>>> print(open('structure02.csv').read())   # CSV, C-alpha atoms
chain,number,residue,atom,x,y,z
B,1,LEU,CA,0.0,0.0,0.0
B,2,GLU,CA,2.9,2.4,0.8
B,3,GLN,CA,4.4,1.7,-2.6
B,4,LEU,CA,1.1,2.3,-4.2
B,5,LEU,CA,0.8,5.7,-2.5
B,6,ARG,CA,4.3,6.7,-3.4
B,7,GLU,CA,4.1,5.7,-7.1
B,8,GLY,CA,0.5,6.8,-7.7
B,9,GLY,CA,-0.6,6.4,-11.3
B,10,SER,CA,-3.6,4.6,-12.7
B,11,ALA,CA,-3.4,1.8,-10.1
B,12,LEU,CA,-3.9,4.3,-7.2
B,13,ALA,CA,-6.7,6.0,-9.1
B,14,GLU,CA,-8.5,2.7,-9.6
B,15,ARG,CA,-8.0,1.8,-5.9
B,16,LEU,CA,-9.4,5.2,-4.8
B,17,GLU,CA,-12.4,4.9,-7.1
B,18,ALA,CA,-13.2,1.6,-5.6
B,19,LEU,CA,-13.1,3.1,-2.1
B,20,THR,CA,-15.4,6.1,-2.8
B,21,GLY,CA,-18.4,4.3,-1.3
B,22,VAL,CA,-16.6,3.0,1.8
B,23,ALA,CA,-16.5,4.9,5.1
B,24,PRO,CA,-12.9,5.7,6.2
B,25,PRO,CA,-11.7,4.0,9.4
B,26,GLN,CA,-10.7,7.4,10.7
B,27,LEU,CA,-11.4,11.1,9.9
B,28,PRO,CA,-8.8,13.0,8.0
B,29,ASP,CA,-6.2,14.9,10.1
B,30,PHE,CA,-5.0,18.3,8.7
B,31,GLY,CA,-2.8,19.1,11.7
B,32,LEU,CA,-5.3,21.4,13.4
B,33,ASN,CA,-5.7,19.1,16.5
B,34,GLY,CA,-9.4,19.3,16.1
B,35,LYS,CA,-9.4,23.1,16.9
B,36,ALA,CA,-11.1,24.4,13.8
B,37,THR,CA,-12.0,28.1,13.8
B,38,PRO,CA,-15.7,28.7,13.4
B,39,GLN,CA,-16.9,31.1,10.7
B,40,GLN,CA,-18.8,34.0,12.1
B,41,SER,CA,-21.7,35.5,10.3
B,42,ALA,CA,-21.7,39.2,9.4
B,43,PRO,CA,-24.1,41.4,11.3
B,44,THR,CA,-27.6,41.7,9.9
B,45,SER,CA,-29.7,44.8,9.9
B,46,PRO,CA,-33.0,44.8,11.6
B,47,ILE,CA,-34.2,47.3,8.9
B,48,GLY,CA,-33.2,45.0,6.0
B,49,SER,CA,-30.3,44.7,3.6
B,50,GLY,CA,-31.7,46.8,0.8
B,51,LEU,CA,-29.7,49.6,-0.9
B,52,GLY,CA,-32.3,52.3,-0.4
B,53,GLY,CA,-31.6,55.9,-0.3
B,54,GLY,CA,-32.1,58.3,2.6
B,55,SER,CA,-30.6,58.3,6.1
B,56,GLY,CA,-31.6,58.2,9.7
B,57,VAL,CA,-34.1,56.0,11.4
B,58,GLY,CA,-36.1,54.0,9.0
B,59,GLY,CA,-34.0,55.1,6.0
B,60,GLY,CA,-32.8,52.6,3.5
B,61,SER,CA,-29.5,51.1,4.5
B,62,ILE,CA,-27.3,48.1,4.2
B,63,SER,CA,-25.4,45.9,6.6
B,64,PRO,CA,-21.7,45.0,6.1
B,65,THR,CA,-20.4,41.7,4.8
B,66,SER,CA,-16.9,40.5,4.8
B,67,THR,CA,-15.7,38.8,1.6
B,68,THR,CA,-12.4,38.0,3.2
B,69,ARG,CA,-12.1,37.2,6.9
B,70,SER,CA,-9.2,38.6,8.7
B,71,THR,CA,-7.9,37.0,11.9
B,72,SER,CA,-8.4,40.2,13.9
B,73,ALA,CA,-12.0,40.7,12.6
B,74,GLN,CA,-13.0,37.2,13.6
B,75,ALA,CA,-12.5,38.3,17.2
B,76,PHE,CA,-15.3,40.9,16.8
B,77,GLU,CA,-18.9,40.2,16.4
B,78,VAL,CA,-20.7,43.5,16.4
B,79,ALA,CA,-24.3,42.9,17.7
B,80,ASP,CA,-25.9,45.9,16.0
B,81,TRP,CA,-25.3,49.1,14.2
B,82,SER,CA,-27.2,52.4,14.7
B,83,SER,CA,-29.4,53.7,12.0
B,84,GLY,CA,-26.9,56.6,11.5
B,85,GLU,CA,-24.1,54.2,11.1
B,86,ARG,CA,-26.0,52.0,8.6
B,87,ALA,CA,-26.8,55.2,6.6
B,88,ARG,CA,-23.4,56.8,6.6
B,89,TYR,CA,-20.8,53.9,6.4
B,90,PRO,CA,-21.8,52.7,2.9
B,91,ARG,CA,-21.2,56.2,1.5
B,92,LEU,CA,-17.9,56.5,3.4
B,93,HIS,CA,-16.8,53.1,2.0
B,94,GLU,CA,-17.3,54.5,-1.5
B,95,ASP,CA,-15.0,57.5,-0.6
B,96,PHE,CA,-12.5,55.1,1.0
B,97,GLN,CA,-12.3,53.0,-2.2
B,98,ALA,CA,-11.9,56.1,-4.4
B,99,MET,CA,-9.3,57.8,-2.2
B,100,GLY,CA,-7.3,54.9,-0.8
B,101,GLN,CA,-6.5,54.1,2.8
B,102,VAL,CA,-3.8,56.7,3.6
B,103,LYS,CA,-5.6,59.7,2.1
B,104,PHE,CA,-9.0,58.7,3.5
B,105,PHE,CA,-7.9,58.0,7.1
B,106,GLU,CA,-5.6,61.0,7.4
B,107,ARG,CA,-8.7,63.2,6.9
B,108,SER,CA,-10.0,62.0,10.3
B,109,GLU,CA,-7.4,64.3,11.9
B,110,LEU,CA,-6.7,61.8,14.6
B,111,PRO,CA,-3.1,61.4,16.1
B,112,PRO,CA,-1.0,58.9,14.1
B,113,ARG,CA,-0.9,56.6,17.2
B,114,ALA,CA,-4.7,56.4,17.3
B,115,LEU,CA,-4.9,55.5,13.6
B,116,GLU,CA,-2.2,52.9,14.1
B,117,ALA,CA,-4.2,51.3,16.9
B,118,ILE,CA,-7.4,51.2,14.9
B,119,CYS,CA,-5.8,49.6,11.8
B,120,SER,CA,-3.8,47.1,13.9
B,121,LEU,CA,-7.1,45.8,15.4
B,122,VAL,CA,-9.0,45.6,12.1
B,123,ASP,CA,-7.7,45.9,8.5
B,124,PRO,CA,-10.3,48.1,6.7
B,125,THR,CA,-9.2,46.8,3.3
B,126,LEU,CA,-10.4,43.3,3.9
B,127,GLY,CA,-14.1,43.8,3.6
B,128,THR,CA,-17.1,46.1,4.4
B,129,LYS,CA,-17.5,44.6,7.9
B,130,GLU,CA,-13.9,45.5,8.8
B,131,PHE,CA,-14.3,49.0,7.3
B,132,TRP,CA,-17.4,49.6,9.3
B,133,ILE,CA,-15.7,48.6,12.5
B,134,CYS,CA,-12.8,51.0,11.7
B,135,CYS,CA,-15.3,53.8,11.2
B,136,ARG,CA,-16.9,53.1,14.5
B,137,LEU,CA,-13.6,53.2,16.3
B,138,VAL,CA,-12.7,56.4,14.5
B,139,GLY,CA,-15.9,57.9,15.8
B,140,HIS,CA,-15.1,56.9,19.3
B,141,CYS,CA,-11.6,58.3,19.1
B,142,GLN,CA,-12.8,61.6,17.5
B,143,SER,CA,-15.3,62.0,20.3
B,144,MET,CA,-12.7,61.5,23.0
B,145,TYR,CA,-10.3,63.8,21.2
B,146,SER,CA,-12.8,66.6,20.7
B,147,LYS,CA,-13.7,66.6,24.4
B,148,GLY,CA,-10.1,66.5,25.5
B,149,GLN,CA,-10.6,63.1,27.1
B,150,ASN,CA,-7.7,60.5,27.3
B,151,GLN,CA,-5.4,62.7,25.3
B,152,SER,CA,-2.3,60.7,26.3
B,153,LEU,CA,-4.1,57.5,25.4
B,154,LEU,CA,-4.8,58.7,21.9
B,155,GLU,CA,-1.4,60.4,21.3
B,156,GLU,CA,0.9,57.9,23.1
B,157,GLY,CA,-1.2,54.7,22.9
B,158,GLU,CA,-1.1,54.0,26.7
B,159,ALA,CA,-2.5,55.7,29.8
B,160,ASP,CA,-4.0,55.1,33.2
B,161,ILE,CA,-7.7,54.6,33.0
B,162,ALA,CA,-9.7,54.1,36.2
B,163,GLY,CA,-6.5,53.3,38.0
B,164,GLU,CA,-5.4,50.7,35.5
B,165,ARG,CA,-2.7,51.0,32.9
B,166,LYS,CA,-4.2,50.2,29.5
B,167,THR,CA,-3.1,50.4,25.9
B,168,LEU,CA,-5.3,52.1,23.3
B,169,GLU,CA,-5.8,48.9,21.5
B,170,ALA,CA,-7.2,47.2,24.6
B,171,HIS,CA,-9.4,50.2,25.4
B,172,LEU,CA,-10.9,50.2,21.9
B,173,ARG,CA,-11.3,46.4,21.8
B,174,ASP,CA,-13.0,46.2,25.3
B,175,ARG,CA,-15.0,49.4,25.4
B,176,CYS,CA,-15.7,50.6,21.9
B,177,VAL,CA,-16.1,47.9,19.3
B,178,ASN,CA,-19.6,46.9,20.5
B,179,LYS,CA,-20.8,50.4,21.6
B,180,TYR,CA,-22.4,53.0,19.5
B,181,PRO,CA,-20.0,56.0,19.1
B,182,HIS,CA,-21.1,59.3,20.7
B,183,MET,CA,-20.5,60.9,17.3
B,184,LEU,CA,-20.4,59.5,13.8
B,185,PRO,CA,-16.9,59.6,12.3
B,186,ASP,CA,-16.1,62.8,10.4
B,187,PHE,CA,-13.6,62.5,7.5
B,188,ARG,CA,-14.3,66.0,6.1
B,189,ARG,CA,-12.4,68.2,8.6
B,190,ARG,CA,-9.0,69.6,7.9
B,191,ARG,CA,-7.9,71.1,11.2
B,192,SER,CA,-4.3,70.3,10.8
B,193,ASN,CA,-1.8,68.2,8.9
B,194,ARG,CA,-0.2,66.3,11.7
B,195,SER,CA,-2.3,63.1,11.3
B,196,SER,CA,-1.3,60.3,9.0
B,197,VAL,CA,-2.4,56.7,8.9
B,198,ALA,CA,0.2,54.2,10.1
B,199,GLY,CA,1.8,51.9,7.5
>>> encode(input="structure02.csv", output="C-alpha cells")
Amino acid sequence: LEQLLREGGSALAERLEALTGVAPPQLPDFGLNGKATPQQSAPTSPIGSGLGGGSGVGGGSISPTSTTRSTSAQAFEVADWSSGERARYPRLHEDFQAMGQVKFFERSELPPRALEAICSLVDPTLGTKEFWICCRLVGHCQSMYSKGQNQSLLEEGEADIAGERKTLEAHLRDRCVNKYPHMLPDFRRRRSNRSSVAG
C-alpha cells in the first residue's frame, strides 16, 4: 500500500475509485488538532439589507459583509449598528475606495498613534465589515479627542484609566467595538496636517 501511495498512477486512481463508497476507518487529520476556527456571520440589519436611499431612522441602509475574513476581525462580532451608522458607512466606503487608505484616514485628523491602533485591530481593506468597525472606532476616538478626554491614550497609545494601565488597542477592543459611538466619524475636517495613517 505504501508503494502504491508513493508511485500513484492509474493503479492508485482505480483503488481510490473503488473506495469512494466505503466509510474511512478514521477522519482526515489536517494538523489542526481538532481546533477548527468557526466562521462568524456578518451582522444583519433589523431594517433589512436593501440599498435604499435616505438616512436616519427608517432610512434605506445596508449591513456589512466580509468577503475575506481577517484573523483580527473574527474576534469581533458587532451585535448591532445604529441607523446613523448604517446610513453613513456605505457612503464612506465609496469614498474610501476612491481615495485609498492613507488619504482617507488622514482626513480624520486623529493622532497617528490612534490610527495605528485602529488599523492594527482591524484591516479596513479586507471587507465592508472590517471597514465599518474601523469607522466606529474612528468615531469613538474623535469623540474623546474633541472633548479632551484621554489625550495621552490617543497620542501615546497608553495611559492610566480608572487606576489601570491600558493600551489604546485594549481600550478600543474592550470598550468601543460593541458600543455606539457618541458621534459618527467625520472625514471632512482639515484642522491640521499632523495626522497620518500608520503603515
>>> residues_around(input="structure02.csv", residues="Cys119 of chain B", least_positions_apart="2", cutoff="12 Å", atoms="all atoms listed in the file", output="ChimeraX atom specification")
/B:70,72-73,101-102,105,112-117,121-126,130-138,168-169,172-173,196-199
>>> write_last_selection(input="structure02.csv", atoms="C-alpha atoms", output="PDB file, in the coordinates of the input")
ATOM      1  CA  SER B  70      -9.200  38.600   8.700  1.00  0.00           C
ATOM      2  CA  SER B  72      -8.400  40.200  13.900  1.00  0.00           C
ATOM      3  CA  ALA B  73     -12.000  40.700  12.600  1.00  0.00           C
ATOM      4  CA  GLN B 101      -6.500  54.100   2.800  1.00  0.00           C
ATOM      5  CA  VAL B 102      -3.800  56.700   3.600  1.00  0.00           C
ATOM      6  CA  PHE B 105      -7.900  58.000   7.100  1.00  0.00           C
ATOM      7  CA  PRO B 112      -1.000  58.900  14.100  1.00  0.00           C
ATOM      8  CA  ARG B 113      -0.900  56.600  17.200  1.00  0.00           C
ATOM      9  CA  ALA B 114      -4.700  56.400  17.300  1.00  0.00           C
ATOM     10  CA  LEU B 115      -4.900  55.500  13.600  1.00  0.00           C
ATOM     11  CA  GLU B 116      -2.200  52.900  14.100  1.00  0.00           C
ATOM     12  CA  ALA B 117      -4.200  51.300  16.900  1.00  0.00           C
ATOM     13  CA  LEU B 121      -7.100  45.800  15.400  1.00  0.00           C
ATOM     14  CA  VAL B 122      -9.000  45.600  12.100  1.00  0.00           C
ATOM     15  CA  ASP B 123      -7.700  45.900   8.500  1.00  0.00           C
ATOM     16  CA  PRO B 124     -10.300  48.100   6.700  1.00  0.00           C
ATOM     17  CA  THR B 125      -9.200  46.800   3.300  1.00  0.00           C
ATOM     18  CA  LEU B 126     -10.400  43.300   3.900  1.00  0.00           C
ATOM     19  CA  GLU B 130     -13.900  45.500   8.800  1.00  0.00           C
ATOM     20  CA  PHE B 131     -14.300  49.000   7.300  1.00  0.00           C
ATOM     21  CA  TRP B 132     -17.400  49.600   9.300  1.00  0.00           C
ATOM     22  CA  ILE B 133     -15.700  48.600  12.500  1.00  0.00           C
ATOM     23  CA  CYS B 134     -12.800  51.000  11.700  1.00  0.00           C
ATOM     24  CA  CYS B 135     -15.300  53.800  11.200  1.00  0.00           C
ATOM     25  CA  ARG B 136     -16.900  53.100  14.500  1.00  0.00           C
ATOM     26  CA  LEU B 137     -13.600  53.200  16.300  1.00  0.00           C
ATOM     27  CA  VAL B 138     -12.700  56.400  14.500  1.00  0.00           C
ATOM     28  CA  LEU B 168      -5.300  52.100  23.300  1.00  0.00           C
ATOM     29  CA  GLU B 169      -5.800  48.900  21.500  1.00  0.00           C
ATOM     30  CA  LEU B 172     -10.900  50.200  21.900  1.00  0.00           C
ATOM     31  CA  ARG B 173     -11.300  46.400  21.800  1.00  0.00           C
ATOM     32  CA  SER B 196      -1.300  60.300   9.000  1.00  0.00           C
ATOM     33  CA  VAL B 197      -2.400  56.700   8.900  1.00  0.00           C
ATOM     34  CA  ALA B 198       0.200  54.200  10.100  1.00  0.00           C
ATOM     35  CA  GLY B 199       1.800  51.900   7.500  1.00  0.00           C
TER      36      GLY B 199
END
>>> atom_distance(input="structure02.csv", atom1="atom CA of Phe96 of chain B", atom2="atom CA of Met183 of chain B")
19.1 Å
>>> closest_residue(input="structure02.csv", among="B:Pro111, B:Gly139, B:Pro185, B:Gly127", to="Ser152 of chain B", atoms="all atoms listed in the file")
B:Pro111
>>> atom_distance(input="structure02.csv", atom1="atom CA of Cys176 of chain B", atom2="atom CA of Glu109 of chain B")
18.9 Å
>>> atom_distance(input="structure02.csv", atom1="atom CA of Gln3 of chain B", atom2="atom CA of Leu16 of chain B")
14.4 Å
>>> decode(input="structure02.csv", residues="segment 139-152 of chain B", atoms="all heavy atoms", output="short mmCIF file (atom, residue, chain, number, x, y, z; two decimals), in the first residue's frame")
data_model
loop_
_atom_site.label_atom_id
_atom_site.label_comp_id
_atom_site.auth_asym_id
_atom_site.auth_seq_id
_atom_site.Cartn_x
_atom_site.Cartn_y
_atom_site.Cartn_z
N GLY B 139 -14.93 57.10 15.13
CA GLY B 139 -15.93 57.93 15.79
C GLY B 139 -15.69 58.03 17.29
O GLY B 139 -15.76 59.11 17.88
N HIS B 140 -15.38 56.91 17.91
CA HIS B 140 -15.09 56.91 19.35
C HIS B 140 -13.87 57.77 19.65
O HIS B 140 -13.86 58.57 20.59
CB HIS B 140 -14.86 55.48 19.84
CG HIS B 140 -16.11 54.70 20.11
ND1 HIS B 140 -16.95 54.99 21.15
CD2 HIS B 140 -16.65 53.63 19.46
CE1 HIS B 140 -17.96 54.13 21.16
NE2 HIS B 140 -17.81 53.31 20.13
N CYS B 141 -12.81 57.59 18.86
CA CYS B 141 -11.58 58.35 19.09
C CYS B 141 -11.78 59.84 18.85
O CYS B 141 -11.28 60.67 19.61
CB CYS B 141 -10.46 57.81 18.21
SG CYS B 141 -9.85 56.17 18.68
N GLN B 142 -12.51 60.19 17.80
CA GLN B 142 -12.78 61.61 17.54
C GLN B 142 -13.59 62.23 18.66
O GLN B 142 -13.36 63.38 19.03
CB GLN B 142 -13.51 61.77 16.20
CG GLN B 142 -12.62 61.56 14.99
CD GLN B 142 -13.39 61.74 13.69
OE1 GLN B 142 -14.60 61.51 13.62
NE2 GLN B 142 -12.68 62.14 12.64
N SER B 143 -14.54 61.47 19.21
CA SER B 143 -15.35 61.98 20.31
C SER B 143 -14.47 62.26 21.53
O SER B 143 -14.59 63.32 22.16
CB SER B 143 -16.44 60.97 20.66
OG SER B 143 -17.21 61.41 21.76
N MET B 144 -13.59 61.33 21.86
CA MET B 144 -12.68 61.53 23.01
C MET B 144 -11.75 62.70 22.75
O MET B 144 -11.50 63.52 23.63
CB MET B 144 -11.87 60.25 23.26
CG MET B 144 -12.67 59.11 23.85
SD MET B 144 -11.61 57.72 24.37
CE MET B 144 -11.08 57.07 22.77
N TYR B 145 -11.24 62.79 21.54
CA TYR B 145 -10.25 63.82 21.21
C TYR B 145 -10.87 65.22 21.24
O TYR B 145 -10.27 66.18 21.74
CB TYR B 145 -9.66 63.53 19.83
CG TYR B 145 -8.28 64.09 19.62
CD1 TYR B 145 -7.28 63.88 20.56
CD2 TYR B 145 -7.95 64.79 18.46
CE1 TYR B 145 -6.00 64.37 20.36
CE2 TYR B 145 -6.68 65.28 18.24
CZ TYR B 145 -5.71 65.07 19.20
OH TYR B 145 -4.44 65.55 18.99
N SER B 146 -12.10 65.33 20.73
CA SER B 146 -12.75 66.64 20.69
C SER B 146 -13.13 67.13 22.09
O SER B 146 -13.21 68.33 22.32
CB SER B 146 -14.01 66.57 19.81
OG SER B 146 -14.99 65.72 20.38
N LYS B 147 -13.34 66.20 23.01
CA LYS B 147 -13.70 66.56 24.38
C LYS B 147 -12.48 66.67 25.30
O LYS B 147 -12.63 66.94 26.49
CB LYS B 147 -14.68 65.54 24.96
CG LYS B 147 -16.01 65.48 24.22
CD LYS B 147 -16.89 64.38 24.78
CE LYS B 147 -18.20 64.27 24.02
NZ LYS B 147 -19.04 63.15 24.52
N GLY B 148 -11.31 66.43 24.73
CA GLY B 148 -10.09 66.50 25.53
C GLY B 148 -9.94 65.34 26.49
O GLY B 148 -9.23 65.44 27.49
N GLN B 149 -10.62 64.23 26.21
CA GLN B 149 -10.56 63.06 27.07
C GLN B 149 -9.47 62.10 26.61
O GLN B 149 -9.30 61.86 25.42
CB GLN B 149 -11.90 62.33 27.08
CG GLN B 149 -13.07 63.15 27.60
CD GLN B 149 -14.38 62.42 27.45
OE1 GLN B 149 -14.51 61.48 26.68
NE2 GLN B 149 -15.39 62.87 28.19
N ASN B 150 -8.73 61.55 27.59
CA ASN B 150 -7.73 60.53 27.29
C ASN B 150 -6.75 60.97 26.19
O ASN B 150 -6.44 60.21 25.27
CB ASN B 150 -8.41 59.22 26.88
CG ASN B 150 -9.29 58.66 27.97
OD1 ASN B 150 -8.92 58.68 29.14
ND2 ASN B 150 -10.45 58.15 27.61
N GLN B 151 -6.28 62.20 26.30
CA GLN B 151 -5.36 62.72 25.28
C GLN B 151 -4.09 61.87 25.18
O GLN B 151 -3.66 61.53 24.07
CB GLN B 151 -4.97 64.16 25.62
CG GLN B 151 -6.11 65.17 25.54
CD GLN B 151 -6.53 65.43 24.10
OE1 GLN B 151 -7.55 64.93 23.65
NE2 GLN B 151 -5.75 66.20 23.39
N SER B 152 -3.52 61.52 26.32
CA SER B 152 -2.28 60.74 26.29
C SER B 152 -2.53 59.34 25.72
O SER B 152 -1.66 58.77 25.05
CB SER B 152 -1.67 60.63 27.69
OG SER B 152 -2.58 60.02 28.59
#
